[in-house]
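Here is the file my_file_20.csv (CSV, N, CA and C atoms).
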chain,number,residue,atom,x,y,z
A,1,MET,N,77.1,-4.6,29.4
A,1,MET,CA,76.4,-5.0,30.6
A,1,MET,C,75.3,-6.0,30.2
A,2,ARG,N,74.7,-5.9,29.0
A,2,ARG,CA,73.7,-6.9,28.6
A,2,ARG,C,74.3,-8.3,28.5
A,3,LYS,N,75.5,-8.4,28.1
A,3,LYS,CA,76.1,-9.7,27.9
A,3,LYS,C,76.2,-10.4,29.3
A,4,TYR,N,76.3,-9.7,30.4
A,4,TYR,CA,76.3,-10.3,31.7
A,4,TYR,C,74.8,-10.6,32.1
A,5,LEU,N,73.9,-9.7,31.9
A,5,LEU,CA,72.6,-9.9,32.4
A,5,LEU,C,71.8,-11.0,31.7
A,6,PHE,N,72.1,-11.2,30.4
A,6,PHE,CA,71.3,-12.2,29.7
A,6,PHE,C,72.1,-13.5,29.5
A,7,ASN,N,73.2,-13.7,30.2
A,7,ASN,CA,73.9,-14.9,30.1
A,7,ASN,C,73.3,-16.0,31.1
A,8,ALA,N,73.0,-17.2,30.6
A,8,ALA,CA,72.4,-18.2,31.3
A,8,ALA,C,73.1,-18.6,32.6
A,9,GLY,N,74.5,-18.6,32.5
A,9,GLY,CA,75.3,-19.0,33.7
A,9,GLY,C,75.2,-17.9,34.8
A,10,VAL,N,75.2,-16.7,34.4
A,10,VAL,CA,75.1,-15.6,35.4
A,10,VAL,C,73.7,-15.6,36.0
A,11,ILE,N,72.7,-15.8,35.2
A,11,ILE,CA,71.3,-15.8,35.7
A,11,ILE,C,71.1,-16.9,36.7
A,12,SER,N,71.6,-18.1,36.4
A,12,SER,CA,71.4,-19.2,37.3
A,12,SER,C,72.2,-19.1,38.6
A,13,ALA,N,73.4,-18.5,38.4
A,13,ALA,CA,74.2,-18.2,39.6
A,13,ALA,C,73.6,-17.2,40.6
A,14,ILE,N,73.0,-16.2,40.0
A,14,ILE,CA,72.3,-15.2,40.8
A,14,ILE,C,71.0,-15.8,41.4
A,15,ALA,N,70.3,-16.5,40.6
A,15,ALA,CA,69.1,-17.1,41.1
A,15,ALA,C,69.3,-18.1,42.2
A,16,SER,N,70.4,-18.8,42.2
A,16,SER,CA,70.7,-19.7,43.3
A,16,SER,C,70.8,-19.0,44.6
A,17,GLY,N,71.0,-17.7,44.6
A,17,GLY,CA,71.0,-16.8,45.8
A,17,GLY,C,69.7,-16.9,46.5
A,18,ILE,N,68.6,-17.2,45.8
A,18,ILE,CA,67.3,-17.3,46.5
A,18,ILE,C,67.4,-18.4,47.5
A,19,GLY,N,67.9,-19.6,47.1
A,19,GLY,CA,68.0,-20.7,48.1
A,19,GLY,C,69.0,-20.4,49.2
A,20,VAL,N,70.0,-19.6,48.9
A,20,VAL,CA,70.9,-19.3,50.0
A,20,VAL,C,70.2,-18.3,51.0
A,21,ALA,N,69.5,-17.4,50.5
A,21,ALA,CA,68.7,-16.4,51.3
A,21,ALA,C,67.7,-17.2,52.2
A,22,LYS,N,67.0,-18.2,51.6
A,22,LYS,CA,66.1,-18.9,52.4
A,22,LYS,C,66.8,-19.7,53.5
A,23,ALA,N,67.9,-20.3,53.2
A,23,ALA,CA,68.7,-21.0,54.2
A,23,ALA,C,69.1,-20.1,55.3
A,24,THR,N,69.4,-18.9,54.9
A,24,THR,CA,69.9,-17.9,55.9
A,24,THR,C,68.7,-17.6,56.9
A,25,ARG,N,67.5,-17.4,56.3
A,25,ARG,CA,66.4,-17.1,57.2
A,25,ARG,C,66.0,-18.2,58.1
A,26,GLN,N,66.0,-19.4,57.5
A,26,GLN,CA,65.4,-20.6,58.2
A,26,GLN,C,66.4,-21.4,59.0
A,27,GLY,N,67.6,-21.5,58.6
A,27,GLY,CA,68.6,-22.4,59.2
A,27,GLY,C,69.3,-21.8,60.3
A,28,PRO,N,70.2,-22.6,60.9
A,28,PRO,CA,71.0,-22.1,62.1
A,28,PRO,C,72.1,-21.2,61.5
A,29,ARG,N,72.6,-20.4,62.4
A,29,ARG,CA,73.7,-19.5,62.0
A,29,ARG,C,75.0,-20.0,62.6
A,30,ASP,N,75.7,-20.7,61.7
A,30,ASP,CA,76.9,-21.3,62.1
A,30,ASP,C,77.9,-21.2,61.0
A,31,TRP,N,79.0,-21.9,61.0
A,31,TRP,CA,80.1,-21.8,60.0
A,31,TRP,C,79.6,-22.3,58.7
A,32,ARG,N,78.7,-23.2,58.7
A,32,ARG,CA,78.2,-23.7,57.4
A,32,ARG,C,77.5,-22.6,56.6
A,33,LEU,N,76.8,-21.8,57.3
A,33,LEU,CA,76.1,-20.7,56.6
A,33,LEU,C,77.1,-19.7,55.9
A,34,ALA,N,78.2,-19.4,56.6
A,34,ALA,CA,79.2,-18.6,56.0
A,34,ALA,C,79.8,-19.3,54.8
A,35,MET,N,80.0,-20.6,54.9
A,35,MET,CA,80.6,-21.3,53.7
A,35,MET,C,79.6,-21.3,52.6
A,36,LEU,N,78.3,-21.4,52.9
A,36,LEU,CA,77.3,-21.4,51.8
A,36,LEU,C,77.3,-20.0,51.1
A,37,TRP,N,77.4,-18.9,51.8
A,37,TRP,CA,77.5,-17.6,51.2
A,37,TRP,C,78.8,-17.5,50.4
A,38,ALA,N,79.9,-18.0,50.9
A,38,ALA,CA,81.1,-17.9,50.2
A,38,ALA,C,81.1,-18.7,48.9
A,39,SER,N,80.5,-19.9,49.0
A,39,SER,CA,80.5,-20.7,47.7
A,39,SER,C,79.5,-20.0,46.7
A,40,TRP,N,78.4,-19.4,47.2
A,40,TRP,CA,77.5,-18.7,46.3
A,40,TRP,C,78.3,-17.5,45.6
A,41,GLY,N,79.0,-16.8,46.4
A,41,GLY,CA,79.8,-15.6,45.9
A,41,GLY,C,80.8,-16.1,44.9
A,42,ILE,N,81.5,-17.2,45.1
A,42,ILE,CA,82.5,-17.7,44.2
A,42,ILE,C,81.8,-18.1,42.9
A,43,GLY,N,80.7,-18.8,43.0
A,43,GLY,CA,79.9,-19.2,41.8
A,43,GLY,C,79.5,-18.0,41.0
A,44,VAL,N,79.1,-16.9,41.6
A,44,VAL,CA,78.7,-15.7,40.8
A,44,VAL,C,79.9,-15.1,40.2
A,45,ALA,N,81.0,-15.1,40.9
A,45,ALA,CA,82.3,-14.5,40.3
A,45,ALA,C,82.8,-15.4,39.2
A,46,LEU,N,82.7,-16.7,39.3
A,46,LEU,CA,83.1,-17.5,38.2
A,46,LEU,C,82.2,-17.4,37.0
A,47,ALA,N,80.9,-17.2,37.2
A,47,ALA,CA,80.0,-17.0,36.0
A,47,ALA,C,80.4,-15.7,35.3
A,48,PHE,N,80.6,-14.6,36.1
A,48,PHE,CA,81.0,-13.3,35.5
A,48,PHE,C,82.3,-13.5,34.8
A,49,GLY,N,83.3,-14.2,35.4
A,49,GLY,CA,84.6,-14.4,34.8
A,49,GLY,C,84.5,-15.1,33.5
A,50,ALA,N,83.6,-16.1,33.4
A,50,ALA,CA,83.5,-16.9,32.2
A,50,ALA,C,82.9,-16.1,31.0
A,51,VAL,N,82.0,-15.2,31.3
A,51,VAL,CA,81.5,-14.3,30.3
A,51,VAL,C,82.6,-13.3,29.8
A,52,LYS,N,83.3,-12.8,30.7
A,52,LYS,CA,84.4,-11.9,30.4
A,52,LYS,C,85.5,-12.6,29.5
A,53,GLN,N,85.8,-13.8,29.9
A,53,GLN,CA,86.8,-14.6,29.2
A,53,GLN,C,86.3,-14.9,27.8
A,54,ARG,N,85.1,-15.3,27.7
A,54,ARG,CA,84.5,-15.6,26.3
A,54,ARG,C,84.6,-14.3,25.4
A,55,GLU,N,84.2,-13.2,26.0
A,55,GLU,CA,84.3,-11.9,25.2
A,55,GLU,C,85.7,-11.6,24.8
A,56,GLU,N,86.6,-11.8,25.6
A,56,GLU,CA,88.0,-11.5,25.3
A,56,GLU,C,88.5,-12.5,24.2
A,57,ALA,N,88.1,-13.8,24.3
A,57,ALA,CA,88.5,-14.7,23.2
A,57,ALA,C,87.9,-14.3,21.9
A,58,ILE,N,86.6,-13.9,21.9
A,58,ILE,CA,86.0,-13.5,20.6
A,58,ILE,C,86.7,-12.2,20.1
A,59,ARG,N,87.1,-11.3,20.9
A,59,ARG,CA,87.8,-10.1,20.5
A,59,ARG,C,89.2,-10.5,19.9
A,60,GLN,N,89.9,-11.4,20.6
A,60,GLN,CA,91.2,-11.9,20.1
A,60,GLN,C,91.1,-12.6,18.7
A,61,GLU,N,90.0,-13.4,18.5
A,61,GLU,CA,89.8,-14.0,17.2
A,61,GLU,C,89.6,-13.0,16.1
A,62,GLU,N,88.8,-12.0,16.4
A,62,GLU,CA,88.5,-10.9,15.5
A,62,GLU,C,89.8,-10.2,15.1
A,63,LEU,N,90.6,-9.9,16.1
A,63,LEU,CA,91.9,-9.2,15.8
A,63,LEU,C,92.8,-10.1,15.0
A,64,GLU,N,92.9,-11.4,15.3
A,64,GLU,CA,93.7,-12.3,14.5
A,64,GLU,C,93.2,-12.4,13.0
A,65,ARG,N,91.9,-12.4,12.9
A,65,ARG,CA,91.3,-12.4,11.5
A,65,ARG,C,91.7,-11.2,10.7
A,66,GLU,N,91.6,-10.0,11.4
A,66,GLU,CA,92.0,-8.8,10.7
A,66,GLU,C,93.5,-8.7,10.4
A,67,LEU,N,94.3,-9.2,11.3
A,67,LEU,CA,95.7,-9.2,11.0
A,67,LEU,C,96.0,-10.2,9.9
A,68,HIS,N,95.3,-11.3,9.8
A,68,HIS,CA,95.5,-12.2,8.7
A,68,HIS,C,95.1,-11.6,7.4
A,69,LYS,N,94.0,-10.9,7.4
A,69,LYS,CA,93.5,-10.2,6.2
A,69,LYS,C,94.6,-9.2,5.7
A,70,ALA,N,95.1,-8.4,6.7
A,70,ALA,CA,96.0,-7.4,6.3
A,70,ALA,C,97.3,-8.0,5.8
A,71,ALA,N,97.7,-9.1,6.3
A,71,ALA,CA,99.0,-9.8,5.8
A,71,ALA,C,98.8,-10.3,4.4
A,72,LYS,N,97.6,-10.8,4.1
A,72,LYS,CA,97.3,-11.3,2.7
A,72,LYS,C,97.3,-10.1,1.7
A,73,ARG,N,96.9,-9.0,2.1
A,73,ARG,CA,96.9,-7.8,1.2
A,73,ARG,C,98.3,-7.4,0.8
A,74,LYS,N,99.2,-7.6,1.6
A,74,LYS,CA,100.6,-7.1,1.4
A,74,LYS,C,101.3,-7.9,0.4
Take the structure in this file and express it as structure tokens.
Amino acid sequence: MRKYLFNAGVISAIASGIGVAKATRQGPRDWRLAMLWASWGIGVALAFGAVKQREEAIRQEELERELHKAAKRK
């Protein structure tokens, strides 16, 4: 969970929600507001997905290193 909370991309994506919330309170309520919230949600989802993808790549590299070491031992 910490890897998500302390990631700069996730922090900035969530912080951009402040601007979206201000636009919701001050602006007109029309289709553009719905698109603004949708784009914010997509941005947050992409930030979380990037963190997950990076962690999976690191895990895969570690596994490949271990398999390479095991193959050298034989």
Take CA of Asn7 in chain A and CA of Val51 in chain A and report the distance between them in Å, one decimal. 7.6 Å
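Proximity to Val10 in chain A at 12 Å, evaluated using only C-alpha atoms and with sequence-adjacent residues fewer than 3 positions away removed, yields Met1, Arg2, Lys3, Tyr4, Leu5, Phe6, Asn7, Ala13, Ile14, Ala15, Ser16, Gly17, Trp40, Gly41, Ile42, Gly43, Val44, Ala45, Leu46, Ala47, Phe48, Gly49, Ala50, Val51 and Lys52 of chain A.
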Could you take the residues named above and write them with N, CA and C atoms, as a compact mmCIF listing (two decimals), in the coordinates of the input?
# COMPACT_ATOMS: atom_id res chain seq x y z
N MET A 1 77.10 -4.60 29.40
CA MET A 1 76.40 -5.00 30.60
C MET A 1 75.30 -6.00 30.20
N ARG A 2 74.70 -5.90 29.00
CA ARG A 2 73.70 -6.90 28.60
C ARG A 2 74.30 -8.30 28.50
N LYS A 3 75.50 -8.40 28.10
CA LYS A 3 76.10 -9.70 27.90
C LYS A 3 76.20 -10.40 29.30
N TYR A 4 76.30 -9.70 30.40
CA TYR A 4 76.30 -10.30 31.70
C TYR A 4 74.80 -10.60 32.10
N LEU A 5 73.90 -9.70 31.90
CA LEU A 5 72.60 -9.90 32.40
C LEU A 5 71.80 -11.00 31.70
N PHE A 6 72.10 -11.20 30.40
CA PHE A 6 71.30 -12.20 29.70
C PHE A 6 72.10 -13.50 29.50
N ASN A 7 73.20 -13.70 30.20
CA ASN A 7 73.90 -14.90 30.10
C ASN A 7 73.30 -16.00 31.10
N ALA A 13 73.40 -18.50 38.40
CA ALA A 13 74.20 -18.20 39.60
C ALA A 13 73.60 -17.20 40.60
N ILE A 14 73.00 -16.20 40.00
CA ILE A 14 72.30 -15.20 40.80
C ILE A 14 71.00 -15.80 41.40
N ALA A 15 70.30 -16.50 40.60
CA ALA A 15 69.10 -17.10 41.10
C ALA A 15 69.30 -18.10 42.20
N SER A 16 70.40 -18.80 42.20
CA SER A 16 70.70 -19.70 43.30
C SER A 16 70.80 -19.00 44.60
N GLY A 17 71.00 -17.70 44.60
CA GLY A 17 71.00 -16.80 45.80
C GLY A 17 69.70 -16.90 46.50
N TRP A 40 78.40 -19.40 47.20
CA TRP A 40 77.50 -18.70 46.30
C TRP A 40 78.30 -17.50 45.60
N GLY A 41 79.00 -16.80 46.40
CA GLY A 41 79.80 -15.60 45.90
C GLY A 41 80.80 -16.10 44.90
N ILE A 42 81.50 -17.20 45.10
CA ILE A 42 82.50 -17.70 44.20
C ILE A 42 81.80 -18.10 42.90
N GLY A 43 80.70 -18.80 43.00
CA GLY A 43 79.90 -19.20 41.80
C GLY A 43 79.50 -18.00 41.00
N VAL A 44 79.10 -16.90 41.60
CA VAL A 44 78.70 -15.70 40.80
C VAL A 44 79.90 -15.10 40.20
N ALA A 45 81.00 -15.10 40.90
CA ALA A 45 82.30 -14.50 40.30
C ALA A 45 82.80 -15.40 39.20
N LEU A 46 82.70 -16.70 39.30
CA LEU A 46 83.10 -17.50 38.20
C LEU A 46 82.20 -17.40 37.00
N ALA A 47 80.90 -17.20 37.20
CA ALA A 47 80.00 -17.00 36.00
C ALA A 47 80.40 -15.70 35.30
N PHE A 48 80.60 -14.60 36.10
CA PHE A 48 81.00 -13.30 35.50
C PHE A 48 82.30 -13.50 34.80
N GLY A 49 83.30 -14.20 35.40
CA GLY A 49 84.60 -14.40 34.80
C GLY A 49 84.50 -15.10 33.50
N ALA A 50 83.60 -16.10 33.40
CA ALA A 50 83.50 -16.90 32.20
C ALA A 50 82.90 -16.10 31.00
N VAL A 51 82.00 -15.20 31.30
CA VAL A 51 81.50 -14.30 30.30
C VAL A 51 82.60 -13.30 29.80
N LYS A 52 83.30 -12.80 30.70
CA LYS A 52 84.40 -11.90 30.40
C LYS A 52 85.50 -12.60 29.50
What's the separation between CA of Ala57 in chain A and CA of Lys74 in chain A, in Å to one decimal place? 26.1 Å
One-decimal distance in Å that lies between atom C of Gln53 in chain A and CA of Glu66 in chain A: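 One can read the CA of Glu66 in chain A to atom C of Gln53 in chain A distance as 19.0 Å.
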Ranking A:Ala71, A:Val20, A:Arg25, A:Glu62 by minimum distance to Trp37 in chain A and counting all atoms listed in the file, which one comes first?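 Closest to Trp37 in chain A of all the choices is A:Val20.
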